[in-house]
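Shown below: start01.cif, with mmCIF, C-alpha atoms (C1' of nucleotides).
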data_upload
#
loop_
_atom_site.group_PDB
_atom_site.id
_atom_site.type_symbol
_atom_site.label_atom_id
_atom_site.label_comp_id
_atom_site.auth_asym_id
_atom_site.auth_seq_id
_atom_site.Cartn_x
_atom_site.Cartn_y
_atom_site.Cartn_z
ATOM 1 C CA MET A 1 -34.309 -8.019 18.866
ATOM 2 C CA LEU A 2 -31.196 -5.970 18.589
ATOM 3 C CA SER A 3 -29.143 -6.712 21.669
ATOM 4 C CA GLN A 4 -29.024 -9.392 24.299
ATOM 5 C CA GLU A 5 -32.270 -10.620 25.909
ATOM 6 C CA LYS A 6 -33.137 -13.634 28.028
ATOM 7 C CA MET A 7 -35.056 -16.464 26.401
ATOM 8 C CA CYS A 8 -35.962 -18.295 29.580
ATOM 9 C CA ASP A 9 -35.131 -18.433 33.268
ATOM 10 C CA VAL A 10 -32.356 -20.997 33.179
ATOM 11 C CA CYS A 11 -29.841 -18.362 32.281
ATOM 12 C CA GLU A 12 -29.769 -19.016 28.526
ATOM 13 C CA VAL A 13 -29.021 -15.980 26.440
ATOM 14 C CA PHE A 14 -30.311 -15.470 22.935
ATOM 15 C CA ASP A 15 -28.051 -13.208 20.936
ATOM 16 C CA PRO A 16 -28.968 -12.748 17.293
ATOM 17 C CA ASN A 17 -25.636 -11.120 16.532
ATOM 18 C CA LYS A 18 -23.830 -14.230 17.701
ATOM 19 C CA ASP A 19 -25.917 -16.234 15.237
ATOM 20 C CA ILE A 20 -25.052 -13.933 12.377
ATOM 21 C CA VAL A 21 -21.393 -13.926 13.272
ATOM 22 C CA SER A 22 -21.161 -17.695 13.476
ATOM 23 C CA LEU A 23 -23.017 -17.973 10.175
ATOM 24 C CA LEU A 24 -20.498 -15.648 8.575
ATOM 25 C CA GLU A 25 -17.643 -17.555 10.175
ATOM 26 C CA GLU A 26 -18.563 -20.463 7.917
ATOM 27 C CA LYS A 27 -18.643 -18.314 4.790
ATOM 28 C CA LYS A 28 -15.211 -16.845 5.464
ATOM 29 C CA LEU A 29 -12.702 -16.811 2.625
ATOM 30 C CA SER A 30 -9.594 -18.863 3.264
ATOM 31 C CA ASP A 31 -6.598 -16.909 4.498
ATOM 32 C CA ASP A 32 -4.561 -17.424 1.363
ATOM 33 C CA VAL A 33 -7.384 -16.328 -0.933
ATOM 34 C CA VAL A 34 -7.763 -13.177 1.157
ATOM 35 C CA TYR A 35 -4.023 -12.651 1.003
ATOM 36 C CA GLU A 36 -3.730 -13.165 -2.748
ATOM 37 C CA LEU A 37 -6.737 -10.987 -3.416
ATOM 38 C CA SER A 38 -5.379 -8.128 -1.352
ATOM 39 C CA GLU A 39 -1.954 -8.501 -2.958
ATOM 40 C CA THR A 40 -3.502 -8.271 -6.413
ATOM 41 C CA PHE A 41 -5.380 -5.103 -5.512
ATOM 42 C CA LYS A 42 -2.331 -3.688 -3.759
ATOM 43 C CA VAL A 43 -0.353 -4.072 -6.976
ATOM 44 C CA LEU A 44 -3.066 -2.185 -8.840
ATOM 45 C CA GLY A 45 -3.031 0.470 -6.140
ATOM 46 C CA ASP A 46 -0.115 2.519 -7.419
ATOM 47 C CA PRO A 47 -0.284 5.375 -9.935
ATOM 48 C CA THR A 48 2.863 4.305 -11.785
ATOM 49 C CA ARG A 49 1.612 0.764 -12.241
ATOM 50 C CA ILE A 50 -1.814 2.027 -13.319
ATOM 51 C CA LYS A 51 -0.142 4.095 -16.012
ATOM 52 C CA ILE A 52 1.981 1.150 -17.113
ATOM 53 C CA LEU A 53 -1.010 -1.176 -17.385
ATOM 54 C CA HIS A 54 -3.040 1.415 -19.235
ATOM 55 C CA ALA A 55 -0.252 1.892 -21.748
ATOM 56 C CA LEU A 56 0.277 -1.846 -22.162
ATOM 57 C CA ASN A 57 -3.429 -2.229 -22.827
ATOM 58 C CA GLU A 58 -2.891 -0.258 -26.032
ATOM 59 C CA LYS A 59 0.272 -2.008 -27.159
ATOM 60 C CA GLU A 60 3.137 -4.148 -25.959
ATOM 61 C CA LEU A 61 6.062 -1.945 -24.976
ATOM 62 C CA CYS A 62 9.653 -2.295 -23.863
ATOM 63 C CA VAL A 63 11.171 -0.801 -20.739
ATOM 64 C CA CYS A 64 12.617 2.203 -22.508
ATOM 65 C CA ASP A 65 9.290 3.030 -24.231
ATOM 66 C CA LEU A 66 7.596 3.099 -20.846
ATOM 67 C CA SER A 67 10.491 5.000 -19.379
ATOM 68 C CA GLU A 68 10.054 7.703 -21.995
ATOM 69 C CA LEU A 69 6.268 7.715 -21.880
ATOM 70 C CA LEU A 70 6.052 8.069 -18.111
ATOM 71 C CA ASP A 71 9.165 10.203 -17.867
ATOM 72 C CA MET A 72 10.776 7.959 -15.288
ATOM 73 C CA SER A 73 14.104 6.163 -15.012
ATOM 74 C CA SER A 74 14.254 2.758 -16.646
ATOM 75 C CA SER A 75 15.339 1.423 -13.285
ATOM 76 C CA ALA A 76 12.136 2.585 -11.616
ATOM 77 C CA ILE A 77 10.072 1.173 -14.482
ATOM 78 C CA SER A 78 11.923 -2.118 -14.335
ATOM 79 C CA HIS A 79 11.282 -2.431 -10.603
ATOM 80 C CA GLN A 80 7.576 -1.852 -11.114
ATOM 81 C CA LEU A 81 7.411 -4.274 -14.029
ATOM 82 C CA ARG A 82 8.900 -6.918 -11.795
ATOM 83 C CA VAL A 83 6.123 -6.349 -9.269
ATOM 84 C CA LEU A 84 3.546 -6.645 -12.046
ATOM 85 C CA ARG A 85 5.245 -9.762 -13.402
ATOM 86 C CA ASN A 86 5.455 -11.433 -9.986
ATOM 87 C CA ASN A 87 1.742 -10.936 -9.611
ATOM 88 C CA LYS A 88 0.982 -12.311 -13.058
ATOM 89 C CA LEU A 89 -0.429 -9.061 -14.362
ATOM 90 C CA VAL A 90 2.051 -8.722 -17.214
ATOM 91 C CA LYS A 91 4.157 -11.112 -19.255
ATOM 92 C CA HIS A 92 7.406 -10.448 -21.113
ATOM 93 C CA ARG A 93 9.122 -11.422 -24.314
ATOM 94 C CA LYS A 94 12.770 -10.869 -25.172
ATOM 95 C CA GLU A 95 13.825 -9.504 -28.518
ATOM 96 C CA GLY A 96 17.485 -8.714 -28.816
ATOM 97 C CA ARG A 97 18.483 -6.326 -26.084
ATOM 98 C CA SER A 98 14.910 -5.254 -25.537
ATOM 99 C CA VAL A 99 12.296 -6.880 -23.329
ATOM 100 C CA TYR A 100 8.720 -6.336 -24.442
ATOM 101 C CA TYR A 101 5.967 -6.359 -21.866
ATOM 102 C CA SER A 102 2.258 -6.933 -22.381
ATOM 103 C CA LEU A 103 -0.795 -7.662 -20.263
ATOM 104 C CA ASP A 104 -0.900 -11.234 -19.035
ATOM 105 C CA ASP A 105 -4.483 -11.807 -20.171
ATOM 106 C CA GLU A 106 -7.763 -10.016 -20.879
ATOM 107 C CA HIS A 107 -8.804 -10.645 -17.311
ATOM 108 C CA VAL A 108 -6.376 -7.979 -16.157
ATOM 109 C CA MET A 109 -7.944 -5.284 -18.307
ATOM 110 C CA CYS A 110 -11.366 -6.423 -17.222
ATOM 111 C CA LEU A 111 -10.408 -5.789 -13.603
ATOM 112 C CA PHE A 112 -8.828 -2.501 -14.586
ATOM 113 C CA GLY A 113 -11.932 -1.491 -16.514
ATOM 114 C CA GLN A 114 -14.189 -2.292 -13.591
ATOM 115 C CA GLY A 115 -12.130 -0.031 -11.381
ATOM 116 C CA LEU A 116 -12.186 2.686 -13.988
ATOM 117 C CA SER A 117 -15.946 2.631 -14.353
ATOM 118 C CA HIS A 118 -16.306 2.745 -10.579
ATOM 119 C CA VAL A 119 -14.141 5.843 -10.462
ATOM 120 C CA LEU A 120 -15.799 7.525 -13.430
ATOM 121 C CA GLU A 121 -19.268 6.763 -12.106
ATOM 122 C CA ASP A 122 -19.116 9.259 -9.238
ATOM 123 C CA ARG A 123 -18.559 12.277 -11.459
ATOM 124 C CA MET B 124 11.743 -1.734 -38.290
ATOM 125 C CA LEU B 125 12.477 -2.125 -34.616
ATOM 126 C CA SER B 126 15.172 0.342 -33.824
ATOM 127 C CA GLN B 127 16.478 3.495 -35.373
ATOM 128 C CA GLU B 128 17.214 3.607 -39.090
ATOM 129 C CA LYS B 129 17.792 6.419 -41.520
ATOM 130 C CA MET B 130 15.022 7.363 -43.880
ATOM 131 C CA CYS B 131 17.078 9.495 -46.193
ATOM 132 C CA ASP B 132 20.391 11.216 -46.388
ATOM 133 C CA VAL B 133 19.415 14.588 -44.912
ATOM 134 C CA CYS B 134 19.946 13.346 -41.398
ATOM 135 C CA GLU B 135 16.289 12.576 -40.701
ATOM 136 C CA VAL B 136 15.754 9.703 -38.361
ATOM 137 C CA PHE B 137 12.720 7.462 -38.420
ATOM 138 C CA ASP B 138 12.022 6.048 -35.001
ATOM 139 C CA PRO B 139 8.878 3.915 -34.713
ATOM 140 C CA ASN B 140 9.128 3.898 -30.936
ATOM 141 C CA LYS B 141 8.876 7.668 -30.853
ATOM 142 C CA ASP B 142 5.696 7.423 -32.911
ATOM 143 C CA ILE B 143 4.201 4.867 -30.559
ATOM 144 C CA VAL B 144 5.139 6.869 -27.514
ATOM 145 C CA SER B 145 3.649 10.077 -28.855
ATOM 146 C CA LEU B 146 0.503 8.195 -29.879
ATOM 147 C CA LEU B 147 0.187 6.859 -26.358
ATOM 148 C CA GLU B 148 0.838 10.314 -24.926
ATOM 149 C CA GLU B 149 -2.482 11.351 -26.391
ATOM 150 C CA LYS B 150 -4.336 8.386 -24.929
ATOM 151 C CA LYS B 151 -3.001 9.031 -21.446
ATOM 152 C CA LEU B 152 -5.466 9.046 -18.574
ATOM 153 C CA SER B 153 -5.744 12.347 -16.725
ATOM 154 C CA ASP B 154 -3.715 12.591 -13.559
ATOM 155 C CA ASP B 155 -6.714 12.700 -11.252
ATOM 156 C CA VAL B 156 -8.334 9.659 -12.845
ATOM 157 C CA VAL B 157 -5.064 7.769 -12.409
ATOM 158 C CA TYR B 158 -4.891 8.957 -8.823
ATOM 159 C CA GLU B 159 -8.475 8.032 -7.943
ATOM 160 C CA LEU B 160 -8.163 4.693 -9.639
ATOM 161 C CA SER B 161 -5.020 3.791 -7.751
ATOM 162 C CA GLU B 162 -6.562 5.009 -4.489
ATOM 163 C CA THR B 163 -9.575 2.771 -5.024
ATOM 164 C CA PHE B 164 -7.390 -0.266 -5.651
ATOM 165 C CA LYS B 165 -5.133 0.656 -2.752
ATOM 166 C CA VAL B 166 -8.134 0.588 -0.426
ATOM 167 C CA LEU B 167 -9.016 -2.878 -1.711
ATOM 168 C CA GLY B 168 -5.408 -3.931 -1.233
ATOM 169 C CA ASP B 169 -5.569 -4.809 2.444
ATOM 170 C CA PRO B 170 -6.545 -8.184 3.963
ATOM 171 C CA THR B 171 -8.609 -6.641 6.756
ATOM 172 C CA ARG B 172 -10.617 -4.512 4.377
ATOM 173 C CA ILE B 173 -11.108 -7.472 2.027
ATOM 174 C CA LYS B 174 -12.556 -9.459 4.911
ATOM 175 C CA ILE B 175 -14.814 -6.577 5.922
ATOM 176 C CA LEU B 176 -16.159 -6.145 2.393
ATOM 177 C CA HIS B 177 -16.689 -9.861 1.976
ATOM 178 C CA ALA B 178 -18.662 -9.999 5.222
ATOM 179 C CA LEU B 179 -20.709 -6.922 4.333
ATOM 180 C CA ASN B 180 -21.568 -8.533 1.024
ATOM 181 C CA GLU B 181 -23.521 -11.144 2.977
ATOM 182 C CA LYS B 182 -25.246 -8.788 5.371
ATOM 183 C CA GLU B 183 -25.064 -5.303 6.845
ATOM 184 C CA LEU B 184 -23.107 -5.385 10.089
ATOM 185 C CA CYS B 185 -22.179 -3.081 12.923
ATOM 186 C CA VAL B 186 -18.679 -2.382 14.167
ATOM 187 C CA CYS B 187 -18.874 -4.853 17.033
ATOM 188 C CA ASP B 188 -20.110 -7.672 14.760
ATOM 189 C CA LEU B 189 -17.100 -7.134 12.510
ATOM 190 C CA SER B 190 -14.859 -6.801 15.513
ATOM 191 C CA GLU B 191 -15.981 -10.198 16.767
ATOM 192 C CA LEU B 192 -15.980 -11.841 13.336
ATOM 193 C CA LEU B 193 -12.468 -10.738 12.451
ATOM 194 C CA ASP B 194 -11.191 -10.982 16.016
ATOM 195 C CA MET B 195 -9.848 -7.448 16.014
ATOM 196 C CA SER B 196 -10.321 -4.411 18.237
ATOM 197 C CA SER B 197 -13.318 -2.243 17.414
ATOM 198 C CA SER B 198 -10.893 0.649 17.115
ATOM 199 C CA ALA B 199 -8.969 -1.069 14.337
ATOM 200 C CA ILE B 200 -12.224 -1.975 12.579
ATOM 201 C CA SER B 201 -13.515 1.553 12.929
ATOM 202 C CA HIS B 202 -10.364 2.998 11.417
ATOM 203 C CA GLN B 203 -10.658 0.667 8.437
ATOM 204 C CA LEU B 204 -14.342 1.409 7.999
ATOM 205 C CA ARG B 205 -13.511 5.059 7.808
ATOM 206 C CA VAL B 206 -11.074 4.377 4.992
ATOM 207 C CA LEU B 207 -13.739 2.377 3.182
ATOM 208 C CA ARG B 208 -16.310 5.108 3.791
ATOM 209 C CA ASN B 209 -14.009 7.886 2.585
ATOM 210 C CA ASN B 210 -13.548 5.985 -0.643
ATOM 211 C CA LYS B 211 -17.264 5.395 -1.101
ATOM 212 C CA LEU B 212 -17.002 1.640 -0.812
ATOM 213 C CA VAL B 213 -19.338 1.342 2.168
ATOM 214 C CA LYS B 214 -22.185 3.410 3.583
ATOM 215 C CA HIS B 215 -23.474 3.581 7.161
ATOM 216 C CA ARG B 216 -26.715 3.872 9.039
ATOM 217 C CA LYS B 217 -27.144 4.687 12.723
ATOM 218 C CA GLU B 218 -29.500 2.722 14.921
ATOM 219 C CA GLY B 219 -29.324 3.601 18.599
ATOM 220 C CA ARG B 220 -25.769 3.196 19.783
ATOM 221 C CA SER B 221 -24.880 0.975 16.856
ATOM 222 C CA VAL B 222 -23.709 1.990 13.409
ATOM 223 C CA TYR B 223 -24.546 -0.457 10.666
ATOM 224 C CA TYR B 224 -22.334 -0.658 7.615
ATOM 225 C CA SER B 225 -23.144 -2.043 4.199
ATOM 226 C CA LEU B 226 -21.657 -1.992 0.716
ATOM 227 C CA ASP B 227 -22.160 1.319 -1.043
ATOM 228 C CA ASP B 228 -23.492 -0.279 -4.242
ATOM 229 C CA GLU B 229 -23.388 -3.444 -6.335
ATOM 230 C CA HIS B 230 -20.499 -1.983 -8.288
ATOM 231 C CA VAL B 231 -18.230 -2.583 -5.333
ATOM 232 C CA MET B 232 -18.960 -6.300 -5.212
ATOM 233 C CA CYS B 233 -18.579 -6.471 -8.967
ATOM 234 C CA LEU B 234 -15.040 -5.148 -8.656
ATOM 235 C CA PHE B 235 -14.412 -7.464 -5.741
ATOM 236 C CA GLY B 236 -15.735 -10.423 -7.696
ATOM 237 C CA GLN B 237 -13.526 -9.636 -10.686
ATOM 238 C CA GLY B 238 -10.505 -9.670 -8.416
ATOM 239 C CA LEU B 239 -11.616 -12.893 -6.845
ATOM 240 C CA SER B 240 -12.045 -14.681 -10.144
ATOM 241 C CA HIS B 241 -8.625 -13.443 -11.249
ATOM 242 C CA VAL B 242 -7.081 -14.930 -8.123
ATOM 243 C CA LEU B 243 -9.006 -18.194 -8.279
ATOM 244 C CA GLU B 244 -8.251 -18.620 -11.980
ATOM 245 C CA ASP B 245 -4.552 -19.413 -11.519
ATOM 246 C CA ARG B 246 -5.128 -22.490 -9.353
ATOM 247 C "C1'" DA C 247 -27.345 12.949 36.447
ATOM 248 C "C1'" DC C 248 -24.619 8.794 36.367
ATOM 249 C "C1'" DT C 249 -23.020 4.460 34.396
ATOM 250 C "C1'" DA C 250 -22.335 1.375 30.731
ATOM 251 C "C1'" DT C 251 -21.814 0.527 25.974
ATOM 252 C "C1'" DA C 252 -20.838 1.465 20.908
ATOM 253 C "C1'" DT C 253 -18.194 3.986 17.960
ATOM 254 C "C1'" DA C 254 -14.737 7.432 16.513
ATOM 255 C "C1'" DT C 255 -10.345 9.641 16.397
ATOM 256 C "C1'" DG C 256 -5.495 11.642 17.257
ATOM 257 C "C1'" DA C 257 -0.850 10.391 18.199
ATOM 258 C "C1'" DA C 258 2.833 7.105 18.225
ATOM 259 C "C1'" DC C 259 5.120 3.119 16.650
ATOM 260 C "C1'" DA C 260 6.278 -0.658 13.628
ATOM 261 C "C1'" DA C 261 6.149 -2.356 9.195
ATOM 262 C "C1'" DT C 262 5.890 -1.864 4.358
ATOM 263 C "C1'" DT C 263 6.795 0.446 0.014
ATOM 264 C "C1'" DA C 264 8.516 3.401 -4.090
ATOM 265 C "C1'" DT C 265 12.294 5.610 -5.818
ATOM 266 C "C1'" DT C 266 17.172 6.595 -6.376
ATOM 267 C "C1'" DC C 267 21.846 5.282 -6.939
ATOM 268 C "C1'" DA C 268 25.363 2.244 -8.002
ATOM 269 C "C1'" DT C 269 26.367 -1.692 -10.172
ATOM 270 C "C1'" DA C 270 25.739 -6.094 -12.613
ATOM 271 C "C1'" DC C 271 24.178 -8.813 -16.473
ATOM 272 C "C1'" DA C 272 23.135 -9.683 -21.312
ATOM 273 C "C1'" DT C 273 23.107 -8.679 -26.114
ATOM 274 C "C1'" DT C 274 24.570 -6.258 -30.253
ATOM 275 C "C1'" DC C 275 27.863 -4.117 -33.112
ATOM 276 C "C1'" DA C 276 32.458 -2.928 -34.451
ATOM 277 C "C1'" DT D 277 37.465 -9.077 -27.647
ATOM 278 C "C1'" DG D 278 35.871 -4.514 -26.271
ATOM 279 C "C1'" DA D 279 32.516 -0.711 -26.176
ATOM 280 C "C1'" DA D 280 27.783 0.601 -26.070
ATOM 281 C "C1'" DT D 281 23.096 -0.159 -24.936
ATOM 282 C "C1'" DG D 282 18.897 -2.119 -22.651
ATOM 283 C "C1'" DT D 283 17.444 -4.246 -18.622
ATOM 284 C "C1'" DA D 284 17.734 -6.046 -13.871
ATOM 285 C "C1'" DT D 285 18.689 -5.842 -9.055
ATOM 286 C "C1'" DG D 286 20.554 -4.946 -4.137
ATOM 287 C "C1'" DA D 287 20.965 -1.445 -0.731
ATOM 288 C "C1'" DA D 288 19.655 2.888 1.225
ATOM 289 C "C1'" DT D 289 16.439 6.449 1.986
ATOM 290 C "C1'" DA D 290 12.060 8.764 2.332
ATOM 291 C "C1'" DA D 291 7.314 8.314 2.495
ATOM 292 C "C1'" DT D 292 3.209 5.832 3.484
ATOM 293 C "C1'" DT D 293 0.379 2.711 6.077
ATOM 294 C "C1'" DG D 294 -2.004 -0.405 9.764
ATOM 295 C "C1'" DT D 295 -2.515 -1.161 14.444
ATOM 296 C "C1'" DT D 296 -2.450 0.005 19.267
ATOM 297 C "C1'" DC D 297 -3.343 2.951 23.069
ATOM 298 C "C1'" DA D 298 -5.556 6.576 25.232
ATOM 299 C "C1'" DT D 299 -9.212 9.355 25.053
ATOM 300 C "C1'" DA D 300 -13.451 11.543 23.263
ATOM 301 C "C1'" DT D 301 -18.265 11.540 21.749
ATOM 302 C "C1'" DA D 302 -22.869 9.762 21.648
ATOM 303 C "C1'" DT D 303 -26.744 7.031 23.056
ATOM 304 C "C1'" DA D 304 -29.429 3.953 26.316
ATOM 305 C "C1'" DG D 305 -30.819 2.407 30.640
ATOM 306 C "C1'" DT D 306 -31.169 3.126 35.657
#

Give the structure from the file, written as structure tokens.
Amino acid sequence: MLSQEKMCDVCEVFDPNKDIVSLLEEKKLSDDVVYELSETFKVLGDPTRIKILHALNEKELCVCDLSELLDMSSSAISHQLRVLRNNKLVKHRKEGRSVYYSLDDEHVMCLFGQGLSHVLEDR
Amino acid sequence: MLSQEKMCDVCEVFDPNKDIVSLLEEKKLSDDVVYELSETFKVLGDPTRIKILHALNEKELCVCDLSELLDMSSSAISHQLRVLRNNKLVKHRKEGRSVYYSLDDEHVMCLFGQGLSHVLEDR
DNA sequence: ACTATATATGAACAATTATTCATACATTCA
DNA sequence: TGAATGTATGAATAATTGTTCATATATAGT
């Protein structure tokens, strides 16, 4: 059952793996869904951005708040916020010279929370 | 209320941002939780690994099944499976020459599904 | 024991990524 | 208008990452 075996004598080959593979072929995610999904996770896969999102989950903050909180240059923070913004994980609001960032929607924290409970589970 | 203003005439400064920042300081995640969390997301942040996990969600598969399904070398698949294994996202089971991989637990697909619904939402 | 097959792994290379630095833009205040 | 401040961004650099290639290990069949 596990590898190739002949079904009959006219040279037909029955390969269960081939069946499974072709079945899965049909269930494949489209390339752009796979791409977007991996991009979203990739964005979440950076310690600085994790810290930013965790802080923004508590309260909307401007670049210089985050800069102070994470002890990083405002340039570095701004670069990372752009990545988060481009991937629709945070939104921004201007107020005078400051730009306040917050999570784009609850969905983001839900994802974040799922990851957190996965990590905390194996402890 | 938004930026610095004097509270009294003895040179004390009231800065709400400082209060917020120091409040958030206390709520900070520990460094190793941040690290593990970002590592987990980083692992999910690759198209090949997304495809592997999605396939394994349907059925346990061996390296050569995945190799055929994703049209990649078994070496490349094996390398990626090791990454997934090291991060406790998949488990493996030997059967003869083959090694069958499956998702480590339902938690993994839960995380995956959250990401998927986030991606599919903005469409 | 020998051959074939499935999987694993180290090293090298190409590609991607985060941070720093310098600089630009935008807004407020004087 | 000019100076100061908060934010943004391009370029360069350093670090990380995925795949390929060659090779190693393990198991099955002859």

The PyMOL selection byres ((chain C) within 10 of (chain B)) - which residues does that actually catch in the file I just gave you? List them as a PyMOL selection string.
chain C and resi 251-255

Applying the PyMOL selection byres ((chain D and resi 296) around 10) to the file I just gave you, which residues come out? Please list them as a compact mmCIF listing (two decimals) with C-alpha atoms (C1' of nucleotides), in the coordinates of the input.
# COMPACT_ATOMS: atom_id res chain seq x y z
CA SER B 196 -10.32 -4.41 18.24
CA SER B 198 -10.89 0.65 17.11
CA ALA B 199 -8.97 -1.07 14.34
C1' DA C 258 2.83 7.10 18.23
C1' DC C 259 5.12 3.12 16.65
C1' DG D 294 -2.00 -0.40 9.76
C1' DT D 295 -2.52 -1.16 14.44
C1' DC D 297 -3.34 2.95 23.07
C1' DA D 298 -5.56 6.58 25.23

Report as a list in words all protein, DNA and RNA residues lying within 12 Å of C:DT249, evaluated on all atoms listed in the file, omitting residues in the same chain fewer than 2 positions from it.
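Final neighbour list, sorted by chain and number: DA247 and DT251 of chain C; DA304, DG305 and DT306 of chain D.
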
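With chain A held fixed and chain B fitted to it over all Cα atoms, the RMSD is 0.2 Å.
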
Excluding B:Thr171 and its own-chain neighbours fewer than 2 positions away, which residues fall within 10 Å of it when counting only C-alpha atoms (C1' of nucleotides)? Please give them as a PDB file with C-alpha atoms (C1' of nucleotides), in the frame of the given file.
ATOM      1  CA  VAL A  34      -7.763 -13.177   1.157  1.00  0.00           C
ATOM      2  CA  TYR A  35      -4.023 -12.651   1.003  1.00  0.00           C
ATOM      3  CA  SER A  38      -5.379  -8.128  -1.352  1.00  0.00           C
TER       4      SER A  38
ATOM      5  CA  LEU B 167      -9.016  -2.878  -1.711  1.00  0.00           C
ATOM      6  CA  GLY B 168      -5.408  -3.931  -1.233  1.00  0.00           C
ATOM      7  CA  ASP B 169      -5.569  -4.809   2.444  1.00  0.00           C
ATOM      8  CA  ILE B 173     -11.108  -7.472   2.027  1.00  0.00           C
ATOM      9  CA  LYS B 174     -12.556  -9.459   4.911  1.00  0.00           C
ATOM     10  CA  ILE B 175     -14.814  -6.577   5.922  1.00  0.00           C
ATOM     11  CA  LEU B 176     -16.159  -6.145   2.393  1.00  0.00           C
ATOM     12  CA  HIS B 177     -16.689  -9.861   1.976  1.00  0.00           C
ATOM     13  CA  LEU B 193     -12.468 -10.738  12.451  1.00  0.00           C
ATOM     14  CA  MET B 195      -9.848  -7.448  16.014  1.00  0.00           C
ATOM     15  CA  ALA B 199      -8.969  -1.069  14.337  1.00  0.00           C
ATOM     16  CA  ILE B 200     -12.224  -1.975  12.579  1.00  0.00           C
ATOM     17  CA  GLN B 203     -10.658   0.667   8.437  1.00  0.00           C
ATOM     18  CA  LEU B 204     -14.342   1.409   7.999  1.00  0.00           C
TER      19      LEU B 204
ATOM     20  C1'  DG D 294      -2.004  -0.405   9.764  1.00  0.00           C
TER      21       DG D 294
END

Using the chain letters and numbers from the file, which residues does the PyMOL selection byres ((chain D) within 8 of (chain A)) grab, as a list of chain:residue names?
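Checking the PyMOL selection byres ((chain D) within 8 of (chain A)) against this file, the residues are D:DT281, D:DG282, D:DT283, D:DA284.
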
Those residues you just picked out, can you put them in a file as a PDB file, in the coordinates of the input with C-alpha atoms (C1' of nucleotides)?
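In the end it all went to again37.pdb:
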ATOM      1  C1'  DT D 281      23.096  -0.159 -24.936  1.00  0.00           C
ATOM      2  C1'  DG D 282      18.897  -2.119 -22.651  1.00  0.00           C
ATOM      3  C1'  DT D 283      17.444  -4.246 -18.622  1.00  0.00           C
ATOM      4  C1'  DA D 284      17.734  -6.046 -13.871  1.00  0.00           C
TER       5       DA D 284
END

Tell me the residues of chain B close to chain A, meaning within 7 Å using all atoms listed in the file, as number ranges by chain.
B: 140, 144, 147-148, 157-162, 164-165, 167-170, 173, 178, 188, 192, 230, 234, 237-239, 241-242

Got a sec to check which residues sit within 10 Å of (4.1, -4.4, 7.2), counting only C-alpha atoms (C1' of nucleotides), and write them as a list of chain:residue names?
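Output of the proximity query reads C:DA260, C:DA261, C:DT262, C:DT263, D:DT293, D:DG294.
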
Atom pair atom CA of B:Asp227 / atom CA of B:Glu183: separation (Å)
10.7 Å

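Atom pair atom C1' of C:DC275 / atom C1' of D:DA280: separated by 8.5 Å.
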
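Between atom CA of B:Val213 and atom CA of A:Glu26 there is a distance of 22.6 Å.
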
What box, with edges along x, y and z, holds each listed atom of stretch 278-288 of chain D when 5 Å is added on every side, and can you state its centre and edge lengths in Å to one decimal, as JSON?
{"center_x": 26.7, "center_y": -1.6, "center_z": -12.5, "size_x": 28.4, "size_y": 18.9, "size_z": 37.5}

Take stretch 211-221 of chain B, bring it up to N, CA and C atoms, and give me the output as a PDB file, in the coordinates of the input.
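Saved as rebuild-v4.pdb:
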ATOM      1  N   LYS B 211     -15.936   5.728  -0.580  1.00  0.00           N
ATOM      2  CA  LYS B 211     -17.264   5.395  -1.101  1.00  0.00           C
ATOM      3  C   LYS B 211     -17.447   3.920  -1.417  1.00  0.00           C
ATOM      4  N   LEU B 212     -16.820   3.080  -0.604  1.00  0.00           N
ATOM      5  CA  LEU B 212     -17.002   1.640  -0.812  1.00  0.00           C
ATOM      6  C   LEU B 212     -18.056   1.088   0.128  1.00  0.00           C
ATOM      7  N   VAL B 213     -18.253   1.738   1.257  1.00  0.00           N
ATOM      8  CA  VAL B 213     -19.338   1.342   2.168  1.00  0.00           C
ATOM      9  C   VAL B 213     -20.137   2.573   2.590  1.00  0.00           C
ATOM     10  N   LYS B 214     -21.367   2.331   3.021  1.00  0.00           N
ATOM     11  CA  LYS B 214     -22.185   3.410   3.583  1.00  0.00           C
ATOM     12  C   LYS B 214     -22.602   2.997   4.991  1.00  0.00           C
ATOM     13  N   HIS B 215     -23.100   3.939   5.793  1.00  0.00           N
ATOM     14  CA  HIS B 215     -23.474   3.581   7.161  1.00  0.00           C
ATOM     15  C   HIS B 215     -24.823   4.151   7.555  1.00  0.00           C
ATOM     16  N   ARG B 216     -25.363   3.566   8.589  1.00  0.00           N
ATOM     17  CA  ARG B 216     -26.715   3.872   9.039  1.00  0.00           C
ATOM     18  C   ARG B 216     -26.695   3.727  10.554  1.00  0.00           C
ATOM     19  N   LYS B 217     -27.147   4.753  11.254  1.00  0.00           N
ATOM     20  CA  LYS B 217     -27.144   4.687  12.723  1.00  0.00           C
ATOM     21  C   LYS B 217     -28.441   4.088  13.234  1.00  0.00           C
ATOM     22  N   GLU B 218     -28.312   3.286  14.274  1.00  0.00           N
ATOM     23  CA  GLU B 218     -29.500   2.722  14.921  1.00  0.00           C
ATOM     24  C   GLU B 218     -29.180   2.609  16.398  1.00  0.00           C
ATOM     25  N   GLY B 219     -29.665   3.571  17.170  1.00  0.00           N
ATOM     26  CA  GLY B 219     -29.324   3.601  18.599  1.00  0.00           C
ATOM     27  C   GLY B 219     -27.845   3.852  18.757  1.00  0.00           C
ATOM     28  N   ARG B 220     -27.208   3.027  19.578  1.00  0.00           N
ATOM     29  CA  ARG B 220     -25.769   3.196  19.783  1.00  0.00           C
ATOM     30  C   ARG B 220     -24.959   2.598  18.652  1.00  0.00           C
ATOM     31  N   SER B 221     -25.609   1.700  17.903  1.00  0.00           N
ATOM     32  CA  SER B 221     -24.880   0.975  16.856  1.00  0.00           C
ATOM     33  C   SER B 221     -24.832   1.745  15.538  1.00  0.00           C
TER      34      SER B 221
END
